[in-house]
>>> print(open('coords-v2.tsv').read())   # TSV, C-alpha atoms and all ligand atoms
chain	number	residue	atom	x	y	z
A	1	ALA	CA	-133.91	66.54	-41.11
A	2	LEU	CA	-130.78	66.66	-38.95
A	3	VAL	CA	-129.59	63.06	-38.53
A	4	SER	CA	-126.44	61.04	-37.83
A	5	MET	CA	-124.52	59.46	-40.72
A	6	LYS	CA	-125.32	55.91	-39.66
A	7	GLU	CA	-128.46	55.20	-41.67
A	8	MET	CA	-127.47	57.25	-44.71
A	9	LEU	CA	-124.17	55.43	-45.07
A	10	ILE	CA	-125.61	51.94	-44.57
A	11	LYS	CA	-128.15	52.68	-47.31
A	12	ALA	CA	-125.46	54.17	-49.57
A	13	LYS	CA	-123.23	51.12	-49.21
A	14	GLU	CA	-126.13	48.76	-49.89
A	15	GLU	CA	-127.30	50.67	-52.96
A	16	LYS	CA	-123.77	51.41	-54.24
A	17	TYR	CA	-123.45	55.16	-54.17
A	18	ALA	CA	-121.57	57.56	-51.92
A	19	VAL	CA	-122.79	60.45	-49.78
A	20	GLY	CA	-120.64	63.57	-50.14
A	21	GLN	CA	-119.08	65.28	-47.17
A	22	PHE	CA	-118.66	68.91	-48.15
A	23	ASN	CA	-116.72	71.07	-45.73
A	24	ILE	CA	-118.18	74.41	-44.67
A	25	ASN	CA	-116.39	77.67	-43.88
A	26	ASN	CA	-119.17	80.18	-43.44
A	27	LEU	CA	-122.78	81.07	-44.19
A	28	GLU	CA	-122.48	81.04	-47.98
A	29	TRP	CA	-120.82	77.60	-47.98
A	30	THR	CA	-123.59	76.17	-45.84
A	31	GLN	CA	-126.31	77.75	-47.98
A	32	ALA	CA	-124.80	76.45	-51.21
A	33	ILE	CA	-124.46	72.88	-49.95
A	34	LEU	CA	-127.92	72.71	-48.38
A	35	GLN	CA	-129.48	74.15	-51.55
A	36	ALA	CA	-127.67	71.73	-53.86
A	37	ALA	CA	-128.58	68.71	-51.71
A	38	GLU	CA	-132.25	69.71	-51.51
A	39	GLU	CA	-132.53	70.33	-55.25
A	40	GLN	CA	-130.91	66.97	-55.99
A	41	LYS	CA	-132.92	65.16	-53.29
A	42	SER	CA	-129.65	63.91	-51.83
A	43	PRO	CA	-128.53	63.15	-48.29
A	44	VAL	CA	-125.55	65.32	-47.38
A	45	ILE	CA	-122.83	65.63	-44.74
A	46	LEU	CA	-121.60	69.07	-43.69
A	47	GLY	CA	-117.95	68.64	-42.72
A	48	VAL	CA	-116.64	70.99	-40.05
A	49	SER	CA	-112.95	70.99	-39.21
A	50	GLU	CA	-111.87	72.26	-35.81
A	51	GLY	CA	-110.24	75.23	-37.51
A	52	ALA	CA	-113.37	76.07	-39.52
A	53	ALA	CA	-115.55	75.70	-36.43
A	54	LYS	CA	-113.34	78.15	-34.58
A	55	TYR	CA	-113.51	80.53	-37.56
A	56	MET	CA	-117.32	80.37	-37.49
A	57	GLY	CA	-117.48	81.19	-33.79
A	58	GLY	CA	-117.41	77.71	-32.28
A	59	PHE	CA	-119.38	74.46	-32.41
A	60	ILE	CA	-122.52	76.02	-30.94
A	61	SER	CA	-122.77	78.77	-33.54
A	62	VAL	CA	-122.22	76.21	-36.32
A	63	VAL	CA	-125.13	74.10	-35.08
A	64	HIS	CA	-127.39	77.13	-34.76
A	65	MET	CA	-126.45	78.42	-38.22
A	66	VAL	CA	-127.16	75.05	-39.85
A	67	LYS	CA	-130.43	74.59	-37.97
A	68	GLY	CA	-131.48	78.15	-38.83
A	69	LEU	CA	-130.88	77.66	-42.54
A	70	MET	CA	-132.62	74.29	-42.55
A	71	ALA	CA	-135.65	75.88	-40.90
A	72	SER	CA	-135.70	78.82	-43.34
A	73	TYR	CA	-135.23	76.56	-46.36
A	74	GLY	CA	-137.64	73.87	-45.16
A	75	THR	CA	-134.92	71.27	-45.76
A	76	THR	CA	-136.36	67.77	-46.18
A	77	VAL	CA	-133.24	65.75	-47.09
A	78	PRO	CA	-131.13	64.05	-44.38
A	79	VAL	CA	-128.31	66.34	-43.21
A	80	ALA	CA	-125.48	65.42	-40.83
A	81	ILE	CA	-123.26	67.97	-39.07
A	82	HIS	CA	-119.96	66.15	-38.81
A	83	LEU	CA	-116.77	67.06	-36.97
A	84	ASP	CA	-113.99	66.49	-39.53
A	85	HIS	CA	-110.65	65.13	-38.23
A	86	GLY	CA	-111.52	65.55	-34.54
A	87	SER	CA	-108.20	65.68	-32.70
A	88	SER	CA	-109.14	64.33	-29.26
A	89	PHE	CA	-111.90	62.81	-27.14
A	90	ASP	CA	-112.48	66.22	-25.56
A	91	LYS	CA	-113.04	67.94	-28.93
A	92	CYS	CA	-115.42	65.18	-30.03
A	93	LYS	CA	-117.34	65.44	-26.76
A	94	GLU	CA	-117.56	69.22	-27.14
A	95	ALA	CA	-119.01	68.78	-30.65
A	96	VAL	CA	-121.53	66.17	-29.48
A	97	ASP	CA	-122.59	68.39	-26.57
A	98	ALA	CA	-123.07	71.32	-28.98
A	99	GLY	CA	-125.44	69.26	-31.16
A	100	PHE	CA	-123.22	67.80	-33.88
A	101	THR	CA	-124.86	64.62	-35.17
A	102	SER	CA	-121.61	62.93	-36.19
A	103	VAL	CA	-117.91	63.07	-35.32
A	104	MET	CA	-114.66	61.82	-36.77
A	105	ILE	CA	-111.98	60.93	-34.26
A	106	ASP	CA	-108.69	61.08	-36.07
A	107	ALA	CA	-106.24	59.37	-33.75
A	108	SER	CA	-104.43	57.88	-36.74
A	109	HIS	CA	-101.12	59.50	-35.77
A	110	HIS	CA	-101.18	57.67	-32.41
A	111	PRO	CA	-99.84	54.12	-32.06
A	112	PHE	CA	-102.48	51.53	-33.09
A	113	GLU	CA	-103.53	50.44	-29.58
A	114	GLU	CA	-103.92	54.05	-28.48
A	115	ASN	CA	-105.93	54.88	-31.59
A	116	ILE	CA	-108.31	52.03	-30.68
A	117	GLU	CA	-108.55	53.17	-27.07
A	118	ILE	CA	-109.32	56.81	-27.93
A	119	THR	CA	-111.73	55.83	-30.71
A	120	HIS	CA	-113.58	53.41	-28.43
A	121	LYS	CA	-114.02	56.10	-25.80
A	122	VAL	CA	-115.46	58.47	-28.42
A	123	VAL	CA	-117.84	55.76	-29.69
A	124	GLU	CA	-119.19	55.13	-26.18
A	125	TYR	CA	-119.96	58.80	-25.62
A	126	ALA	CA	-121.22	59.50	-29.14
A	127	HIS	CA	-123.47	56.46	-29.45
A	128	ALA	CA	-125.04	57.20	-26.05
A	129	ASN	CA	-126.09	60.51	-27.65
A	130	GLY	CA	-127.26	59.08	-31.00
A	131	VAL	CA	-124.17	60.45	-32.75
A	132	SER	CA	-122.24	58.46	-35.39
A	133	VAL	CA	-118.46	58.01	-35.41
A	134	GLU	CA	-115.85	57.82	-38.15
A	135	ALA	CA	-112.27	56.71	-37.42
A	136	GLU	CA	-109.09	56.75	-39.48
A	137	LEU	CA	-106.18	54.37	-39.98
A	138	GLY	CA	-103.03	55.16	-41.91
A	139	THR	CA	-102.14	58.67	-43.02
A	140	VAL	CA	-103.86	60.80	-45.65
A	141	GLY	CA	-101.24	62.80	-47.56
A	142	GLY	CA	-100.98	66.58	-47.62
A	143	ASP	CA	-102.31	69.02	-45.07
A	144	GLU	CA	-104.76	67.69	-42.46
A	145	ASP	CA	-105.77	71.17	-41.32
A	146	GLY	CA	-102.30	72.05	-40.13
A	147	VAL	CA	-100.89	68.55	-39.68
A	148	ILE	CA	-98.67	67.86	-42.68
A	149	GLY	CA	-97.76	64.24	-43.18
A	150	GLY	CA	-96.61	61.79	-45.80
A	151	ILE	CA	-98.89	59.10	-47.19
A	152	MET	CA	-99.09	55.89	-45.16
A	153	TYR	CA	-101.43	53.09	-46.26
A	154	ALA	CA	-103.84	51.57	-43.77
A	155	ASP	CA	-103.22	47.92	-42.90
A	156	PRO	CA	-106.26	45.69	-43.66
A	157	GLU	CA	-105.74	43.48	-40.59
A	158	GLU	CA	-105.56	46.55	-38.34
A	159	CYS	CA	-108.79	47.79	-39.95
A	160	ARG	CA	-110.53	44.54	-39.04
A	161	LYS	CA	-109.30	44.75	-35.45
A	162	MET	CA	-110.28	48.42	-35.16
A	163	VAL	CA	-113.85	47.80	-36.34
A	164	GLU	CA	-114.23	44.79	-34.07
A	165	ALA	CA	-112.86	46.58	-31.01
A	166	THR	CA	-114.63	49.93	-31.34
A	167	ASP	CA	-118.07	49.57	-33.01
A	168	ILE	CA	-117.42	52.62	-35.24
A	169	ASP	CA	-120.01	53.49	-37.91
A	170	CYS	CA	-117.57	54.06	-40.77
A	171	LEU	CA	-113.85	53.85	-41.37
A	172	ALA	CA	-111.46	56.02	-43.36
A	173	PRO	CA	-108.52	53.82	-44.32
A	174	ALA	CA	-105.85	56.06	-45.85
A	175	LEU	CA	-104.99	54.43	-49.19
A	176	GLY	CA	-102.98	57.00	-51.08
A	177	SER	CA	-105.39	59.90	-51.13
A	178	VAL	CA	-104.19	63.42	-50.42
A	179	HIS	CA	-105.74	66.55	-48.91
A	180	GLY	CA	-105.53	69.43	-51.36
A	181	PRO	CA	-104.64	69.19	-55.07
A	182	TYR	CA	-102.81	66.07	-56.33
A	183	GLN	CA	-99.38	66.25	-57.94
A	184	GLY	CA	-100.31	64.27	-61.03
A	185	GLU	CA	-102.83	61.41	-60.85
A	186	PRO	CA	-103.77	59.90	-57.47
A	187	ASN	CA	-102.57	56.35	-56.90
A	188	LEU	CA	-105.24	54.72	-54.76
A	189	GLY	CA	-104.70	51.31	-53.16
A	190	PHE	CA	-107.68	49.45	-54.60
A	191	ALA	CA	-106.33	46.02	-53.68
A	192	GLU	CA	-106.14	47.10	-50.03
A	193	MET	CA	-109.57	48.73	-50.29
A	194	GLU	CA	-111.03	45.43	-51.48
A	195	ALA	CA	-109.24	43.50	-48.73
A	196	ILE	CA	-110.50	45.92	-46.06
A	197	SER	CA	-114.05	45.68	-47.40
A	198	LYS	CA	-113.91	41.91	-47.10
A	199	LEU	CA	-112.46	41.95	-43.57
A	200	ALA	CA	-114.58	44.77	-42.17
A	201	ASP	CA	-118.23	44.99	-43.15
A	202	LEU	CA	-118.91	48.70	-42.77
A	203	PRO	CA	-119.07	51.80	-45.01
A	204	LEU	CA	-115.64	53.09	-46.00
A	205	VAL	CA	-114.71	56.77	-46.33
A	206	LEU	CA	-112.50	58.34	-48.98
A	207	HIS	CA	-110.73	61.51	-47.88
A	208	GLY	CA	-109.09	63.95	-50.25
A	209	GLY	CA	-111.91	63.84	-52.80
A	210	THR	CA	-110.66	66.88	-54.72
A	211	GLY	CA	-109.05	65.85	-58.02
A	212	ILE	CA	-109.88	62.13	-57.98
A	213	PRO	CA	-110.91	61.01	-61.49
A	214	THR	CA	-114.47	59.72	-61.98
A	215	ASN	CA	-113.23	56.20	-62.78
A	216	ASP	CA	-111.46	55.98	-59.41
A	217	ILE	CA	-114.56	57.35	-57.68
A	218	LYS	CA	-116.73	54.68	-59.30
A	219	ARG	CA	-114.26	51.94	-58.48
A	220	SER	CA	-114.03	53.07	-54.85
A	221	ILE	CA	-117.82	53.00	-54.56
A	222	SER	CA	-117.93	49.50	-56.06
A	223	LEU	CA	-115.45	48.41	-53.34
A	224	GLY	CA	-117.52	49.64	-50.40
A	225	THR	CA	-116.77	53.37	-50.21
A	226	ALA	CA	-119.98	55.10	-49.11
A	227	LYS	CA	-118.70	58.56	-48.10
A	228	ILE	CA	-116.41	60.87	-50.05
A	229	ASN	CA	-114.95	64.07	-48.57
A	230	VAL	CA	-114.54	67.18	-50.70
A	231	ASN	CA	-113.18	70.46	-49.43
A	232	THR	CA	-110.44	72.03	-51.57
A	233	GLU	CA	-112.41	71.97	-54.83
A	234	ASN	CA	-115.10	74.23	-53.38
A	235	GLN	CA	-112.45	76.56	-52.00
A	236	ILE	CA	-110.83	76.80	-55.43
A	237	VAL	CA	-114.03	77.56	-57.36
A	238	ALA	CA	-115.31	80.03	-54.76
A	239	THR	CA	-112.05	81.95	-54.66
A	240	LYS	CA	-111.81	81.98	-58.45
A	241	ALA	CA	-115.30	83.47	-58.71
A	242	ILE	CA	-114.36	86.21	-56.23
A	243	ARG	CA	-111.00	86.87	-57.89
A	244	ASP	CA	-112.62	87.21	-61.34
A	245	ILE	CA	-115.14	89.74	-60.06
A	246	LEU	CA	-112.60	91.83	-58.16
A	247	ALA	CA	-110.20	91.78	-61.10
A	248	ASN	CA	-112.88	93.07	-63.47
A	249	ASP	CA	-114.53	95.59	-61.20
A	250	LYS	CA	-112.34	97.94	-59.17
A	251	GLU	CA	-115.38	99.83	-57.80
A	252	VAL	CA	-117.36	96.99	-56.20
A	253	TYR	CA	-117.61	97.09	-52.40
A	254	ASP	CA	-120.90	95.35	-51.57
A	255	PRO	CA	-119.75	91.91	-50.33
A	256	ARG	CA	-122.90	90.27	-51.68
A	257	LYS	CA	-121.70	91.13	-55.19
A	258	PHE	CA	-118.79	88.71	-54.87
A	259	LEU	CA	-119.90	86.33	-52.10
A	260	GLY	CA	-123.15	85.59	-53.98
A	261	PRO	CA	-121.33	84.38	-57.11
A	262	ALA	CA	-118.91	82.40	-54.89
A	263	ARG	CA	-121.94	80.69	-53.38
A	264	GLU	CA	-123.27	79.88	-56.86
A	265	ALA	CA	-119.90	78.39	-57.83
A	266	ILE	CA	-119.91	76.14	-54.74
A	267	LYS	CA	-123.49	75.10	-55.40
A	268	ALA	CA	-122.66	74.11	-58.99
A	269	THR	CA	-119.63	72.11	-57.84
A	270	VAL	CA	-121.55	70.31	-55.10
A	271	THR	CA	-124.38	69.52	-57.52
A	272	GLY	CA	-121.86	67.95	-59.91
A	273	LYS	CA	-120.31	65.85	-57.12
A	274	ILE	CA	-123.70	64.66	-55.87
A	275	ILE	CA	-124.53	63.42	-59.36
A	276	GLU	CA	-121.07	61.88	-59.82
A	277	PHE	CA	-121.36	60.06	-56.46
A	278	GLY	CA	-124.87	58.87	-57.38
A	279	SER	CA	-126.58	60.16	-54.22
A	280	ASN	CA	-129.13	62.25	-56.14
A	281	GLN	CA	-132.75	61.11	-55.75
A	282	LYS	CA	-131.72	58.93	-52.79
A	283	ALA	CA	-133.21	61.07	-50.02
A	301	LIG	O1	-111.51	65.79	-44.56
A	301	LIG	C1	-111.60	66.50	-45.61
A	301	LIG	C2	-111.32	65.96	-46.93
A	301	LIG	O2	-110.59	64.80	-46.86
A	301	LIG	C3	-111.08	66.96	-48.01
A	301	LIG	O3	-110.07	66.70	-48.96
A	301	LIG	O4	-109.64	69.08	-49.51
A	301	LIG	O5	-108.60	67.25	-50.84
A	301	LIG	O6	-111.04	67.70	-51.02
A	301	LIG	P1	-109.83	67.74	-50.14
A	302	ZN	ZN	-109.82	64.43	-44.64
>>> encode(input="coords-v2.tsv", output="structure tokens")
Amino acid sequence: ALVSMKEMLIKAKEEKYAVGQFNINNLEWTQAILQAAEEQKSPVILGVSEGAAKYMGGFISVVHMVKGLMASYGTTVPVAIHLDHGSSFDKCKEAVDAGFTSVMIDASHHPFEENIEITHKVVEYAHANGVSVEAELGTVGGDEDGVIGGIMYADPEECRKMVEATDIDCLAPALGSVHGPYQGEPNLGFAEMEAISKLADLPLVLHGGTGIPTNDIKRSISLGTAKINVNTENQIVATKAIRDILANDKEVYDPRKFLGPAREAIKATVTGKIIEFGSNQKA
């Protein structure tokens, strides 16, 4: 069923596992993720960046595609369609109006007070429509869909204030994670994560899930992380599958011959993440 993230993340935090947010780019991505989640009996979050939404034809076509697949597949597990790194109130509103069940407002590059103001406005509109809201503090490293920034850790006291002032459903405190592949091992701020968990009693979100070692994943979950975002890893395995096929077969022209195996590669990766995050058999 199509639902917001609220209930699934509260349950995940309570039972100490994390729900995966897997970003979608097209039909095959969406198929692979829905299939993996159903087979594993896992709740799942389909992450949609503004850029990916535009690529897929807009928020409305994304919602219709997801609903269409869920109807064809007879999906029973909880699924959220979530705007990833929403850039403004207007974009979040547009997503809510199109039928997204969850939005992230990423006003983390604004001054703190402005971030709170924008986030609060999004929460008011989203909650009135049964839609959950994620906010961000600090700066995730790497490329935030076009916005390239350095790493800046979230401040625990600001996290407390943000949660108190806005009534968000989950919070992504940037604590050293990076979008895209890591240069060497990630260096996550677990002390800050623990402090934030103590000050703000809500599910935490870990961005930049690609390339984080299992130990760090487990530790993050033990410290209140209930949602982990993965995008790049699926892009890497899908493109590798396509590249291998095209390199070995100069005659192939039927797109299903390489998009099908890309879909299988994504499905296998998502299945592995679901098991690693412990959300299997939780739907
Ligand atoms: O919001 C999306 C995620 O944080 C994805 O990060 O591409 O490094 O897996 P990733
Ligand atoms: Zn992110």
>>> residues_near_ligand(input="coords-v2.tsv", ligand="ligand LIG 301 (chain A)", cutoff="6 Å", atoms="only C-alpha atoms and all ligand atoms", output="PDB file with C-alpha atoms, in the frame of the given file")
ATOM      1  CA  ASP A  84    -113.990  66.490 -39.530  1.00  0.00           C
ATOM      2  CA  VAL A 178    -104.190  63.420 -50.420  1.00  0.00           C
ATOM      3  CA  HIS A 179    -105.740  66.550 -48.910  1.00  0.00           C
ATOM      4  CA  GLY A 180    -105.530  69.430 -51.360  1.00  0.00           C
ATOM      5  CA  HIS A 207    -110.730  61.510 -47.880  1.00  0.00           C
ATOM      6  CA  GLY A 208    -109.090  63.950 -50.250  1.00  0.00           C
ATOM      7  CA  GLY A 209    -111.910  63.840 -52.800  1.00  0.00           C
ATOM      8  CA  THR A 210    -110.660  66.880 -54.720  1.00  0.00           C
ATOM      9  CA  ASN A 229    -114.950  64.070 -48.570  1.00  0.00           C
ATOM     10  CA  VAL A 230    -114.540  67.180 -50.700  1.00  0.00           C
ATOM     11  CA  ASN A 231    -113.180  70.460 -49.430  1.00  0.00           C
ATOM     12  CA  THR A 232    -110.440  72.030 -51.570  1.00  0.00           C
ATOM     13  CA  GLU A 233    -112.410  71.970 -54.830  1.00  0.00           C
TER      14      GLU A 233
END
>>> closest_residue(input="coords-v2.tsv", among="A:Ser177, A:Thr225, A:Asn248, A:Thr75", to="ligand ZN 302 (chain A)", atoms="all atoms listed in the file")
A:Ser177
>>> residues_around(input="coords-v2.tsv", residues="A:Asn280", least_positions_apart="4", cutoff="8 Å", atoms="all atoms listed in the file", output="ChimeraX atom specification")
/A:37,40-43,274-275
>>> closest_residue(input="coords-v2.tsv", among="A:Ser49, A:Thr239, A:Thr101, A:Ser72", to="A:Phe22", atoms="all atoms listed in the file")
A:Ser49
>>> residues_around(input="coords-v2.tsv", residues="stretch 90-97 of chain A", least_positions_apart="2", cutoff="10 Å", atoms="all atoms listed in the file", output="number ranges by chain")
A: 48, 50, 53, 58-60, 62-63, 81-88, 99-106, 121-123, 125-127, 129-133
>>> closest_residue(input="coords-v2.tsv", among="A:Asn115, A:Gln35, A:Thr139, A:Ser4", to="ligand ZN 302 (chain A)", atoms="all atoms listed in the file")
A:Thr139
>>> residues_around(input="coords-v2.tsv", residues="A:Leu204", least_positions_apart="5", cutoff="10 Å", atoms="all atoms listed in the file", output="ChimeraX atom specification")
/A:9,13,18,134-136,169-173,193,196-197,220-221,223-228
>>> build_atoms(input="coords-v2.tsv", residues="stretch 254-282 of chain A", atoms="N, CA and C atoms", output="mmCIF file, keeping the file's coordinate frame")
data_model
loop_
_atom_site.group_PDB
_atom_site.id
_atom_site.type_symbol
_atom_site.label_atom_id
_atom_site.label_comp_id
_atom_site.auth_asym_id
_atom_site.auth_seq_id
_atom_site.Cartn_x
_atom_site.Cartn_y
_atom_site.Cartn_z
ATOM 1 N N ASP A 254 -119.848 96.116 -52.237
ATOM 2 C CA ASP A 254 -120.900 95.350 -51.570
ATOM 3 C C ASP A 254 -120.492 93.872 -51.566
ATOM 4 N N PRO A 255 -120.263 93.290 -50.383
ATOM 5 C CA PRO A 255 -119.750 91.910 -50.330
ATOM 6 C C PRO A 255 -120.672 90.902 -51.015
ATOM 7 N N ARG A 256 -121.969 91.225 -51.058
ATOM 8 C CA ARG A 256 -122.900 90.270 -51.680
ATOM 9 C C ARG A 256 -122.628 90.126 -53.175
ATOM 10 N N LYS A 257 -121.981 91.170 -53.763
ATOM 11 C CA LYS A 257 -121.700 91.130 -55.190
ATOM 12 C C LYS A 257 -120.617 90.105 -55.549
ATOM 13 N N PHE A 258 -119.753 89.772 -54.569
ATOM 14 C CA PHE A 258 -118.790 88.710 -54.870
ATOM 15 C C PHE A 258 -119.007 87.431 -54.059
ATOM 16 N N LEU A 259 -119.626 87.552 -52.878
ATOM 17 C CA LEU A 259 -119.900 86.330 -52.100
ATOM 18 C C LEU A 259 -121.071 85.551 -52.698
ATOM 19 N N GLY A 260 -122.011 86.267 -53.312
ATOM 20 C CA GLY A 260 -123.150 85.590 -53.980
ATOM 21 C C GLY A 260 -122.667 84.691 -55.108
ATOM 22 N N PRO A 261 -121.865 85.235 -56.040
ATOM 23 C CA PRO A 261 -121.330 84.380 -57.110
ATOM 24 C C PRO A 261 -120.431 83.244 -56.576
ATOM 25 N N ALA A 262 -119.705 83.476 -55.485
ATOM 26 C CA ALA A 262 -118.910 82.400 -54.890
ATOM 27 C C ALA A 262 -119.845 81.285 -54.429
ATOM 28 N N ARG A 263 -120.940 81.669 -53.833
ATOM 29 C CA ARG A 263 -121.940 80.690 -53.380
ATOM 30 C C ARG A 263 -122.489 79.895 -54.556
ATOM 31 N N GLU A 264 -122.761 80.578 -55.669
ATOM 32 C CA GLU A 264 -123.270 79.880 -56.860
ATOM 33 C C GLU A 264 -122.247 78.878 -57.395
ATOM 34 N N ALA A 265 -120.972 79.273 -57.335
ATOM 35 C CA ALA A 265 -119.900 78.390 -57.830
ATOM 36 C C ALA A 265 -119.821 77.125 -56.958
ATOM 37 N N ILE A 266 -119.943 77.301 -55.652
ATOM 38 C CA ILE A 266 -119.910 76.140 -54.740
ATOM 39 C C ILE A 266 -121.116 75.243 -55.016
ATOM 40 N N LYS A 267 -122.264 75.878 -55.171
ATOM 41 C CA LYS A 267 -123.490 75.100 -55.400
ATOM 42 C C LYS A 267 -123.367 74.250 -56.670
ATOM 43 N N ALA A 268 -122.819 74.846 -57.725
ATOM 44 C CA ALA A 268 -122.660 74.110 -58.990
ATOM 45 C C ALA A 268 -121.692 72.936 -58.813
ATOM 46 N N THR A 269 -120.616 73.176 -58.076
ATOM 47 C CA THR A 269 -119.630 72.110 -57.840
ATOM 48 C C THR A 269 -120.231 70.976 -57.021
ATOM 49 N N VAL A 270 -120.939 71.327 -55.966
ATOM 50 C CA VAL A 270 -121.550 70.310 -55.100
ATOM 51 C C VAL A 270 -122.593 69.520 -55.884
ATOM 52 N N THR A 271 -123.370 70.207 -56.704
ATOM 53 C CA THR A 271 -124.380 69.520 -57.520
ATOM 54 C C THR A 271 -123.700 68.480 -58.416
ATOM 55 N N GLY A 272 -122.598 68.873 -59.041
ATOM 56 C CA GLY A 272 -121.860 67.950 -59.910
ATOM 57 C C GLY A 272 -121.353 66.739 -59.155
ATOM 58 N N LYS A 273 -120.839 66.956 -57.934
ATOM 59 C CA LYS A 273 -120.310 65.850 -57.120
ATOM 60 C C LYS A 273 -121.434 64.906 -56.696
ATOM 61 N N ILE A 274 -122.563 65.484 -56.306
ATOM 62 C CA ILE A 274 -123.700 64.660 -55.870
ATOM 63 C C ILE A 274 -124.100 63.712 -56.997
ATOM 64 N N ILE A 275 -124.139 64.249 -58.212
ATOM 65 C CA ILE A 275 -124.530 63.420 -59.360
ATOM 66 C C ILE A 275 -123.437 62.388 -59.654
ATOM 67 N N GLU A 276 -122.184 62.816 -59.581
ATOM 68 C CA GLU A 276 -121.070 61.880 -59.820
ATOM 69 C C GLU A 276 -121.068 60.749 -58.784
ATOM 70 N N PHE A 277 -121.360 61.068 -57.526
ATOM 71 C CA PHE A 277 -121.360 60.060 -56.460
ATOM 72 C C PHE A 277 -122.630 59.206 -56.478
ATOM 73 N N GLY A 278 -123.634 59.650 -57.235
ATOM 74 C CA GLY A 278 -124.870 58.870 -57.380
ATOM 75 C C GLY A 278 -125.845 58.986 -56.209
ATOM 76 N N SER A 279 -125.683 60.038 -55.383
ATOM 77 C CA SER A 279 -126.580 60.160 -54.220
ATOM 78 C C SER A 279 -127.827 60.988 -54.525
ATOM 79 N N ASN A 280 -127.929 61.499 -55.761
ATOM 80 C CA ASN A 280 -129.130 62.250 -56.140
ATOM 81 C C ASN A 280 -130.341 61.318 -56.179
ATOM 82 N N GLN A 281 -131.494 61.871 -55.794
ATOM 83 C CA GLN A 281 -132.750 61.110 -55.750
ATOM 84 C C GLN A 281 -132.702 59.941 -54.766
ATOM 85 N N LYS A 282 -131.825 60.015 -53.784
ATOM 86 C CA LYS A 282 -131.720 58.930 -52.790
ATOM 87 C C LYS A 282 -132.237 59.363 -51.419
#
